[in-house]
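Trainee: What follows is final-v2.txt, compact mmCIF, C-alpha atoms.
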# COMPACT_ATOMS: atom_id res chain seq x y z
CA MET A 1 112.81 96.94 111.97
CA ARG A 2 113.99 99.55 114.46
CA LYS A 3 116.67 100.66 111.99
CA LEU A 4 114.02 101.04 109.30
CA ILE A 5 111.90 103.19 111.63
CA ILE A 6 114.93 105.38 112.42
CA LEU A 7 115.75 105.72 108.70
CA ASN A 8 112.12 106.53 107.90
CA THR A 9 112.04 109.19 110.63
CA ILE A 10 115.26 110.80 109.36
CA ILE A 11 113.97 110.85 105.77
CA ASP A 12 110.62 112.29 106.93
CA PHE A 13 112.56 114.91 108.91
CA ILE A 14 114.64 115.83 105.82
CA TRP A 15 111.52 115.85 103.65
CA ILE A 16 109.48 118.12 105.91
CA LEU A 17 112.23 120.48 107.12
CA SER A 18 114.44 120.65 104.01
CA CYS A 19 112.81 119.44 100.82
CA ILE A 20 109.41 121.15 101.03
CA PRO A 21 110.86 124.53 102.22
CA ILE A 22 113.55 124.43 99.48
CA LEU A 23 110.86 123.80 96.85
CA ILE A 24 108.66 126.66 98.06
CA LEU A 25 111.38 129.18 98.99
CA GLY A 26 113.41 128.36 95.87
CA PHE A 27 110.40 128.99 93.66
CA GLY A 28 109.74 132.25 95.48
CA PHE A 29 113.39 133.25 95.08
CA ILE A 30 113.29 132.54 91.34
CA ILE A 31 110.21 134.72 90.86
CA TYR A 32 111.65 137.48 93.07
CA MET A 33 115.05 137.60 91.31
CA PHE A 34 113.38 138.75 88.09
CA PHE A 35 111.85 141.73 89.91
CA ASN A 36 114.85 142.53 92.10
CA PRO A 37 118.13 141.32 90.52
CA GLU A 38 120.14 142.78 93.41
CA ILE A 39 119.28 139.68 95.38
CA LEU A 40 121.64 137.80 93.03
CA GLU A 41 124.57 139.37 94.90
CA ILE A 42 124.34 136.13 96.85
CA TRP A 43 126.56 134.66 94.11
CA GLN A 44 129.42 136.90 95.23
CA THR A 45 129.25 135.57 98.78
CA ASN A 46 129.44 132.04 97.35
CA GLY A 47 132.83 132.71 95.76
CA PHE A 48 131.71 133.74 92.30
CA ASP A 49 132.66 137.04 90.68
CA SER A 50 129.73 139.45 90.47
CA ASN A 51 130.87 141.04 87.16
CA ALA A 52 128.98 138.45 85.13
CA PRO A 53 125.81 139.69 83.43
CA ILE A 54 122.56 139.47 85.37
CA TRP A 55 120.94 137.08 82.89
CA ILE A 56 123.75 134.54 83.40
CA LYS A 57 123.22 134.67 87.16
CA GLN A 58 119.48 134.26 86.68
CA PHE A 59 120.04 131.34 84.32
CA ALA A 60 122.47 129.72 86.78
CA THR A 61 119.98 130.16 89.63
CA VAL A 62 117.23 128.47 87.60
CA ILE A 63 119.61 125.59 86.80
CA PHE A 64 120.51 125.21 90.49
CA TYR A 65 116.82 125.14 91.35
CA GLY A 66 116.31 122.44 88.69
CA ILE A 67 119.14 120.35 90.20
CA ALA A 68 117.62 120.79 93.67
CA CYS A 69 114.19 119.71 92.32
CA GLY A 70 115.78 116.58 90.83
CA LEU A 71 117.41 115.68 94.15
CA ILE A 72 114.14 116.33 96.00
CA PHE A 73 112.31 114.03 93.57
CA ALA A 74 114.89 111.32 94.31
CA VAL A 75 114.29 111.78 98.06
CA PHE A 76 110.52 111.62 97.39
CA LEU A 77 110.89 108.29 95.55
CA PHE A 78 113.16 106.90 98.26
CA ARG A 79 110.67 107.96 100.94
CA LYS A 80 107.89 106.13 99.08
CA THR A 81 109.96 102.95 98.77
CA LEU A 82 110.50 102.97 102.55
CA CYS A 83 106.70 102.66 102.94
CA TYR A 84 106.88 99.40 100.93
CA PHE A 85 109.67 98.18 103.24
CA ARG A 86 107.47 98.91 106.26
CA ARG A 87 104.63 96.94 104.63
CA LYS A 88 107.13 94.06 104.21
CA LYS A 89 107.02 94.24 100.40
CA PRO A 90 110.69 94.97 99.59
CA PHE A 91 110.61 93.14 96.25
CA ASP A 92 107.61 94.99 94.84
CA SER A 93 107.97 96.12 91.21
CA TYR A 94 107.50 99.73 92.34
CA VAL A 95 110.58 99.53 94.60
CA ILE A 96 112.69 98.03 91.79
CA GLU A 97 111.52 100.67 89.30
CA SER A 98 111.99 103.49 91.82
CA TYR A 99 115.55 102.47 92.71
CA ASN A 100 116.42 102.36 89.02
CA THR A 101 114.85 105.81 88.50
CA ILE A 102 116.64 107.23 91.57
CA GLY A 103 119.93 105.85 90.22
CA LYS A 104 119.38 107.45 86.80
CA ILE A 105 118.41 110.79 88.39
CA LEU A 106 121.48 110.85 90.66
CA ILE A 107 123.86 109.90 87.86
CA GLY A 108 122.32 112.48 85.53
CA LEU A 109 122.41 115.20 88.16
CA SER A 110 125.99 114.46 89.21
CA LEU A 111 127.29 114.57 85.64
CA PHE A 112 125.26 117.67 84.84
CA SER A 113 126.37 119.43 88.07
CA MET A 114 130.00 118.57 87.36
CA VAL A 115 129.86 120.11 83.88
CA PHE A 116 127.73 123.02 85.09
CA MET A 117 130.09 123.94 87.95
CA PHE A 118 133.06 123.72 85.57
CA MET A 119 131.28 126.13 83.22
CA MET A 120 130.32 128.41 86.11
CA GLN A 121 133.93 128.71 87.26
CA LEU A 122 134.87 129.50 83.69
CA VAL A 123 132.17 132.15 83.19
CA PHE A 124 132.17 133.80 86.63
CA ASN A 125 135.79 133.54 87.72
CA SER A 126 137.53 132.95 84.34
CA LYS A 127 139.23 129.86 85.84
CA LEU A 128 139.62 126.34 84.57
CA VAL A 129 139.00 124.25 87.70
CA ILE A 130 139.20 120.46 87.67
CA ASP A 131 138.66 118.74 91.01
CA LEU A 132 140.57 115.44 91.10
CA GLY A 133 139.92 114.68 94.77
CA VAL A 134 136.84 113.24 96.44
CA SER A 135 134.13 115.58 95.24
CA PRO A 136 130.40 115.52 96.05
CA TYR A 137 129.73 114.88 92.36
CA LEU A 138 131.72 111.66 92.40
CA LEU A 139 129.97 110.58 95.59
CA LEU A 140 126.60 111.36 94.02
CA LEU A 141 127.61 109.41 90.91
CA SER A 142 128.62 106.43 93.07
CA LEU A 143 125.35 106.65 94.99
CA GLY A 144 123.40 106.67 91.72
CA LEU A 145 125.27 103.59 90.48
CA PHE A 146 124.70 101.92 93.85
CA PHE A 147 120.93 102.45 93.53
CA MET A 148 120.98 100.97 90.02
CA VAL A 149 122.93 97.92 91.27
CA LEU A 150 120.45 97.63 94.15
CA SER A 151 117.58 97.68 91.65
CA GLU A 152 119.20 94.88 89.62
CA SER A 153 119.84 92.85 92.79
CA PHE A 154 116.22 93.27 93.89
CA LYS A 155 115.05 92.14 90.44
CA ILE A 156 117.16 88.97 90.71
CA ALA A 157 115.98 88.40 94.30
CA LYS A 158 112.34 88.82 93.24
CA HIS A 159 112.81 86.27 90.47
CA ALA A 160 114.46 83.81 92.90
CA LYS A 161 111.64 84.38 95.40
CA ASN A 162 108.98 83.67 92.75
CA ASP A 163 110.83 80.50 91.70
CA SER A 164 111.06 79.39 95.31
CA GLU A 165 107.36 80.06 95.91
CA LEU A 166 106.38 78.07 92.81
CA THR A 167 108.47 75.05 93.74
CA ILE A 168 106.11 72.43 95.11
CA MET B 1 104.94 74.81 79.11
CA ALA B 2 106.31 71.59 77.53
CA ILE B 3 105.82 69.51 80.68
CA LEU B 4 102.20 68.56 81.37
CA ILE B 5 100.95 67.41 84.77
CA ASN B 6 98.43 64.59 84.48
CA LEU B 7 97.49 64.59 88.12
CA ASP B 8 93.79 65.13 87.35
CA ILE B 9 93.68 61.94 85.26
CA GLN B 10 95.38 59.90 87.98
CA LEU B 11 93.05 61.30 90.63
CA ALA B 12 89.98 60.57 88.47
CA LYS B 13 91.16 56.99 87.88
CA ARG B 14 91.37 56.47 91.63
CA ASP B 15 88.22 58.47 92.38
CA MET B 16 90.23 60.62 94.75
CA LYS B 17 89.68 64.29 95.61
CA SER B 18 92.47 66.89 95.44
CA TYR B 19 92.23 67.79 99.12
CA GLU B 20 92.59 64.10 100.06
CA LEU B 21 95.80 63.81 98.06
CA ALA B 22 97.09 67.10 99.47
CA GLU B 23 96.38 65.89 102.98
CA GLN B 24 98.13 62.55 102.43
CA ILE B 25 101.26 63.98 100.82
CA GLY B 26 101.47 66.84 103.29
CA ILE B 27 101.12 69.92 101.08
CA THR B 28 98.43 72.59 100.99
CA THR B 29 95.53 72.39 98.53
CA ALA B 30 96.70 75.76 97.16
CA ASN B 31 100.10 74.28 96.28
CA LEU B 32 98.48 71.19 94.79
CA SER B 33 96.29 73.47 92.68
CA ILE B 34 99.44 75.31 91.45
CA LEU B 35 100.89 71.93 90.49
CA LYS B 36 97.71 70.74 88.75
CA THR B 37 97.26 73.92 86.74
CA GLY B 38 100.84 73.79 85.50
CA LYS B 39 101.85 77.06 87.18
CA ALA B 40 104.60 75.40 89.21
CA ARG B 41 108.17 76.19 88.13
CA ALA B 42 109.66 73.10 89.78
CA ILE B 43 108.72 70.01 91.74
CA ARG B 44 110.78 68.57 94.59
CA PHE B 45 111.77 64.88 94.40
CA SER B 46 110.26 64.44 97.87
CA THR B 47 106.88 65.75 96.64
CA LEU B 48 107.03 63.56 93.52
CA GLU B 49 107.96 60.58 95.65
CA ALA B 50 105.03 61.22 98.01
CA ILE B 51 102.57 61.56 95.11
CA CYS B 52 103.83 58.33 93.50
CA LYS B 53 103.60 56.53 96.84
CA VAL B 54 100.02 57.66 97.55
CA LEU B 55 98.75 57.13 94.00
CA ASP B 56 100.84 53.97 93.53
CA CYS B 57 102.14 55.11 90.16
CA GLN B 58 105.35 56.07 88.35
CA PRO B 59 106.57 59.65 87.77
CA ALA B 60 105.92 59.16 84.06
CA ASP B 61 102.22 58.64 84.83
CA ILE B 62 102.09 62.15 86.27
CA LEU B 63 104.58 64.05 84.11
CA GLU B 64 104.37 64.15 80.34
CA TYR B 65 106.62 65.91 77.85
CA VAL B 66 104.79 67.58 74.97
CA PRO B 67 106.94 69.42 72.38
CA ASP B 68 105.92 73.09 71.88
Just give me the structure as structure tokens.

Mentor:
Amino acid sequence: MRKLIILNTIIDFIWILSCIPILILGFGFIIYMFFNPEILEIWQTNGFDSNAPIWIKQFATVIFYGIACGLIFAVFLFRKTLCYFRRKKPFDSYVIESYNTIGKILIGLSLFSMVFMFMMQLVFNSKLVIDLGVSPYLLLLSLGLFFMVLSESFKIAKHAKNDSELTI
Amino acid sequence: MAILINLDIQLAKRDMKSYELAEQIGITTANLSILKTGKARAIRFSTLEAICKVLDCQPADILEYVPD
């Protein structure tokens, strides 16, 4: 149980200090970039050529914010499932559904990010870049699949538990 | 379910209460209720043996197969 408390504390820490500020500041940034496009020079410092039209940079920023929102939603779901673990209800239907949803979100986001970053390199830097090494997208994809497998395992465990409880 | 539990009939024949049977075979009344209402997924041989011993009957007196 101590490990669960540590995990819960870390996730709460990430949620309060990273997720909520990113949501608020990101939204503020998106609104502000339409009034002051010069702020989009930040793309240049991130290794992208600044010659691309402003609307492409704005579009890319909105997409990045969408990806961040998806990841934050996955953290939110995971945080909620930890509450069920603390209440000693690990096989609750909500946990099983949430893990499946988290898996789908992570897989979707990793595939989308992979294609999006490929397109970004093409548009901003006029380069065809294919990363064959260990990339964060592959890790995210694996994590998504792991959550889906976990969801399936929990479903089987729940079924076995019900069978065991109804054996007289 | 195709398997019916005729425990009520056997108890009525012997004028025995559910809690008395539960006490004698060593299971809770809640579990006996699950068995009587047909909600049980499985029954252990040890439980069946205990029921047969207490009620002095055969498994076939308690379990009945009814085609769906």

Trainee: What's the 7 Å shell around A:Lys104, counting all atoms listed in the file, without same-chain residues fewer than 4 positions away, as a count of residues only?

Mentor: 3

Trainee: Counting all atoms listed in the file, which residues from chain B have an atom at most 6 Å from any atom of chain A, and could you show them as an MDAnalysis selection string?

Mentor: chainID B and resid 40:43

Trainee: At a cut-off of 10 Å around the point (114.1, 99.0, 89.8) (file coordinates), what residues fall inside when counting all atoms listed in the file? I'd like the answer as a ChimeraX atom specification.

Mentor: /A:91-103,147-155

Trainee: Taking into account all atoms listed in the file, which residue in the set A:Ile11, A:Leu106, A:Leu25, A:Leu122 is nearest to A:Lys80?

Mentor: A:Ile11

Trainee: Residues within 10 Å of B:Glu49, please, as a VMD selection string. Count all atoms listed in the file; anything in the same chain fewer than 6 positions from it doesn't count.

Mentor: chain B and resid 25 55 to 59

Trainee: Using all atoms listed in the file, pick whichever of B:Lys36, B:Thr47, B:Lys53, B:Asn6 has the shortest atom-to-atom distance to B:Ser18.

Mentor: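 With all atoms listed in the file as the atom set, the closest residue is B:Lys36.
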
Trainee: Provide the atom CA of B:Phe45 to atom CA of B:Ala60 distance in Å, to one decimal place.

Mentor: 13.2 Å

Trainee: Go ahead and compute the interatomic distance for atom CA of A:Val62 and atom CA of A:Pro21, in Å to one decimal.

Mentor: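 Rounded to one decimal, the two atoms are 16.4 Å apart.
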
Trainee: Quick one, how far is atom CA of A:Phe76 from atom CA of A:Leu111?

Mentor: 20.7 Å

Trainee: Which residues, written as a PyMOL selection string, have at least one atom at most 12 Å from A:Val129, with only C-alpha atoms counted and residues fewer than 6 positions away on the same chain left out?

Mentor: chain A and resi 114-123

Trainee: Taking (112.8, 115.9, 100.3) in the coordinates of the supplied file, I want to know which residues reach to within 10 Å of it, counting only C-alpha atoms; could you give the answer as an MDAnalysis selection string?

Mentor: chainID A and resid 11:23 68:79

Trainee: For C-alpha atoms, I'd like the residues from the last selection saved as an mmCIF file, in the frame of the given file.

Mentor:
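Wrote it out as result28.cif, contents follow:
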data_model
loop_
_atom_site.group_PDB
_atom_site.id
_atom_site.type_symbol
_atom_site.label_atom_id
_atom_site.label_comp_id
_atom_site.auth_asym_id
_atom_site.auth_seq_id
_atom_site.Cartn_x
_atom_site.Cartn_y
_atom_site.Cartn_z
ATOM 1 C CA ILE A 11 113.970 110.850 105.770
ATOM 2 C CA ASP A 12 110.620 112.290 106.930
ATOM 3 C CA PHE A 13 112.560 114.910 108.910
ATOM 4 C CA ILE A 14 114.640 115.830 105.820
ATOM 5 C CA TRP A 15 111.520 115.850 103.650
ATOM 6 C CA ILE A 16 109.480 118.120 105.910
ATOM 7 C CA LEU A 17 112.230 120.480 107.120
ATOM 8 C CA SER A 18 114.440 120.650 104.010
ATOM 9 C CA CYS A 19 112.810 119.440 100.820
ATOM 10 C CA ILE A 20 109.410 121.150 101.030
ATOM 11 C CA PRO A 21 110.860 124.530 102.220
ATOM 12 C CA ILE A 22 113.550 124.430 99.480
ATOM 13 C CA LEU A 23 110.860 123.800 96.850
ATOM 14 C CA ALA A 68 117.620 120.790 93.670
ATOM 15 C CA CYS A 69 114.190 119.710 92.320
ATOM 16 C CA GLY A 70 115.780 116.580 90.830
ATOM 17 C CA LEU A 71 117.410 115.680 94.150
ATOM 18 C CA ILE A 72 114.140 116.330 96.000
ATOM 19 C CA PHE A 73 112.310 114.030 93.570
ATOM 20 C CA ALA A 74 114.890 111.320 94.310
ATOM 21 C CA VAL A 75 114.290 111.780 98.060
ATOM 22 C CA PHE A 76 110.520 111.620 97.390
ATOM 23 C CA LEU A 77 110.890 108.290 95.550
ATOM 24 C CA PHE A 78 113.160 106.900 98.260
ATOM 25 C CA ARG A 79 110.670 107.960 100.940
#

Trainee: Can you rebuild stretch 88-107 of chain A with N, CA, C and O atoms and give it as a PDB file, in the frame of the given file?

Mentor:
ATOM      1  N   LYS A  88     106.460  95.358 104.460  1.00  0.00           N
ATOM      2  CA  LYS A  88     107.130  94.060 104.210  1.00  0.00           C
ATOM      3  C   LYS A  88     106.966  93.610 102.760  1.00  0.00           C
ATOM      4  O   LYS A  88     106.715  92.450 102.470  1.00  0.00           O
ATOM      5  N   LYS A  89     107.063  94.564 101.823  1.00  0.00           N
ATOM      6  CA  LYS A  89     107.020  94.240 100.400  1.00  0.00           C
ATOM      7  C   LYS A  89     108.279  94.813  99.727  1.00  0.00           C
ATOM      8  O   LYS A  89     108.193  95.691  98.853  1.00  0.00           O
ATOM      9  N   PRO A  90     109.473  94.359 100.143  1.00  0.00           N
ATOM     10  CA  PRO A  90     110.690  94.970  99.590  1.00  0.00           C
ATOM     11  C   PRO A  90     110.938  94.642  98.120  1.00  0.00           C
ATOM     12  O   PRO A  90     111.654  95.370  97.445  1.00  0.00           O
ATOM     13  N   PHE A  91     110.348  93.540  97.645  1.00  0.00           N
ATOM     14  CA  PHE A  91     110.610  93.140  96.250  1.00  0.00           C
ATOM     15  C   PHE A  91     109.486  93.546  95.304  1.00  0.00           C
ATOM     16  O   PHE A  91     109.340  92.973  94.226  1.00  0.00           O
ATOM     17  N   ASP A  92     108.690  94.514  95.705  1.00  0.00           N
ATOM     18  CA  ASP A  92     107.610  94.990  94.840  1.00  0.00           C
ATOM     19  C   ASP A  92     108.210  95.656  93.587  1.00  0.00           C
ATOM     20  O   ASP A  92     109.288  96.255  93.645  1.00  0.00           O
ATOM     21  N   SER A  93     107.473  95.536  92.478  1.00  0.00           N
ATOM     22  CA  SER A  93     107.970  96.120  91.210  1.00  0.00           C
ATOM     23  C   SER A  93     108.198  97.622  91.349  1.00  0.00           C
ATOM     24  O   SER A  93     109.117  98.179  90.733  1.00  0.00           O
ATOM     25  N   TYR A  94     107.369  98.276  92.171  1.00  0.00           N
ATOM     26  CA  TYR A  94     107.500  99.730  92.340  1.00  0.00           C
ATOM     27  C   TYR A  94     108.865 100.082  92.946  1.00  0.00           C
ATOM     28  O   TYR A  94     109.509 101.043  92.511  1.00  0.00           O
ATOM     29  N   VAL A  95     109.290  99.279  93.934  1.00  0.00           N
ATOM     30  CA  VAL A  95     110.580  99.530  94.600  1.00  0.00           C
ATOM     31  C   VAL A  95     111.715  99.369  93.584  1.00  0.00           C
ATOM     32  O   VAL A  95     112.619 100.219  93.505  1.00  0.00           O
ATOM     33  N   ILE A  96     111.631  98.294  92.787  1.00  0.00           N
ATOM     34  CA  ILE A  96     112.690  98.030  91.790  1.00  0.00           C
ATOM     35  C   ILE A  96     112.756  99.166  90.768  1.00  0.00           C
ATOM     36  O   ILE A  96     113.828  99.691  90.468  1.00  0.00           O
ATOM     37  N   GLU A  97     111.572  99.579  90.282  1.00  0.00           N
ATOM     38  CA  GLU A  97     111.520 100.670  89.300  1.00  0.00           C
ATOM     39  C   GLU A  97     112.029 101.984  89.917  1.00  0.00           C
ATOM     40  O   GLU A  97     112.771 102.732  89.278  1.00  0.00           O
ATOM     41  N   SER A  98     111.609 102.232  91.155  1.00  0.00           N
ATOM     42  CA  SER A  98     111.990 103.490  91.820  1.00  0.00           C
ATOM     43  C   SER A  98     113.495 103.566  92.035  1.00  0.00           C
ATOM     44  O   SER A  98     114.103 104.612  91.800  1.00  0.00           O
ATOM     45  N   TYR A  99     114.105 102.467  92.472  1.00  0.00           N
ATOM     46  CA  TYR A  99     115.550 102.470  92.710  1.00  0.00           C
ATOM     47  C   TYR A  99     116.303 102.717  91.398  1.00  0.00           C
ATOM     48  O   TYR A  99     117.305 103.427  91.373  1.00  0.00           O
ATOM     49  N   ASN A 100     115.790 102.139  90.330  1.00  0.00           N
ATOM     50  CA  ASN A 100     116.420 102.360  89.020  1.00  0.00           C
ATOM     51  C   ASN A 100     116.287 103.831  88.615  1.00  0.00           C
ATOM     52  O   ASN A 100     117.254 104.444  88.153  1.00  0.00           O
ATOM     53  N   THR A 101     115.091 104.392  88.841  1.00  0.00           N
ATOM     54  CA  THR A 101     114.850 105.810  88.500  1.00  0.00           C
ATOM     55  C   THR A 101     115.735 106.719  89.357  1.00  0.00           C
ATOM     56  O   THR A 101     116.337 107.665  88.847  1.00  0.00           O
ATOM     57  N   ILE A 102     115.803 106.423  90.670  1.00  0.00           N
ATOM     58  CA  ILE A 102     116.640 107.230  91.570  1.00  0.00           C
ATOM     59  C   ILE A 102     118.093 107.198  91.085  1.00  0.00           C
ATOM     60  O   ILE A 102     118.765 108.229  91.013  1.00  0.00           O
ATOM     61  N   GLY A 103     118.562 106.000  90.728  1.00  0.00           N
ATOM     62  CA  GLY A 103     119.930 105.850  90.220  1.00  0.00           C
ATOM     63  C   GLY A 103     120.172 106.708  88.991  1.00  0.00           C
ATOM     64  O   GLY A 103     121.170 107.440  88.920  1.00  0.00           O
ATOM     65  N   LYS A 104     119.229 106.655  88.038  1.00  0.00           N
ATOM     66  CA  LYS A 104     119.380 107.450  86.800  1.00  0.00           C
ATOM     67  C   LYS A 104     119.387 108.938  87.119  1.00  0.00           C
ATOM     68  O   LYS A 104     120.173 109.706  86.548  1.00  0.00           O
ATOM     69  N   ILE A 105     118.492 109.363  88.026  1.00  0.00           N
ATOM     70  CA  ILE A 105     118.410 110.790  88.390  1.00  0.00           C
ATOM     71  C   ILE A 105     119.732 111.241  89.010  1.00  0.00           C
ATOM     72  O   ILE A 105     120.287 112.279  88.620  1.00  0.00           O
ATOM     73  N   LEU A 106     120.238 110.457  89.966  1.00  0.00           N
ATOM     74  CA  LEU A 106     121.480 110.850  90.660  1.00  0.00           C
ATOM     75  C   LEU A 106     122.669 110.899  89.708  1.00  0.00           C
ATOM     76  O   LEU A 106     123.480 111.829  89.768  1.00  0.00           O
ATOM     77  N   ILE A 107     122.744 109.912  88.820  1.00  0.00           N
ATOM     78  CA  ILE A 107     123.860 109.900  87.860  1.00  0.00           C
ATOM     79  C   ILE A 107     123.760 111.108  86.929  1.00  0.00           C
ATOM     80  O   ILE A 107     124.734 111.833  86.705  1.00  0.00           O
TER      81      ILE A 107
END
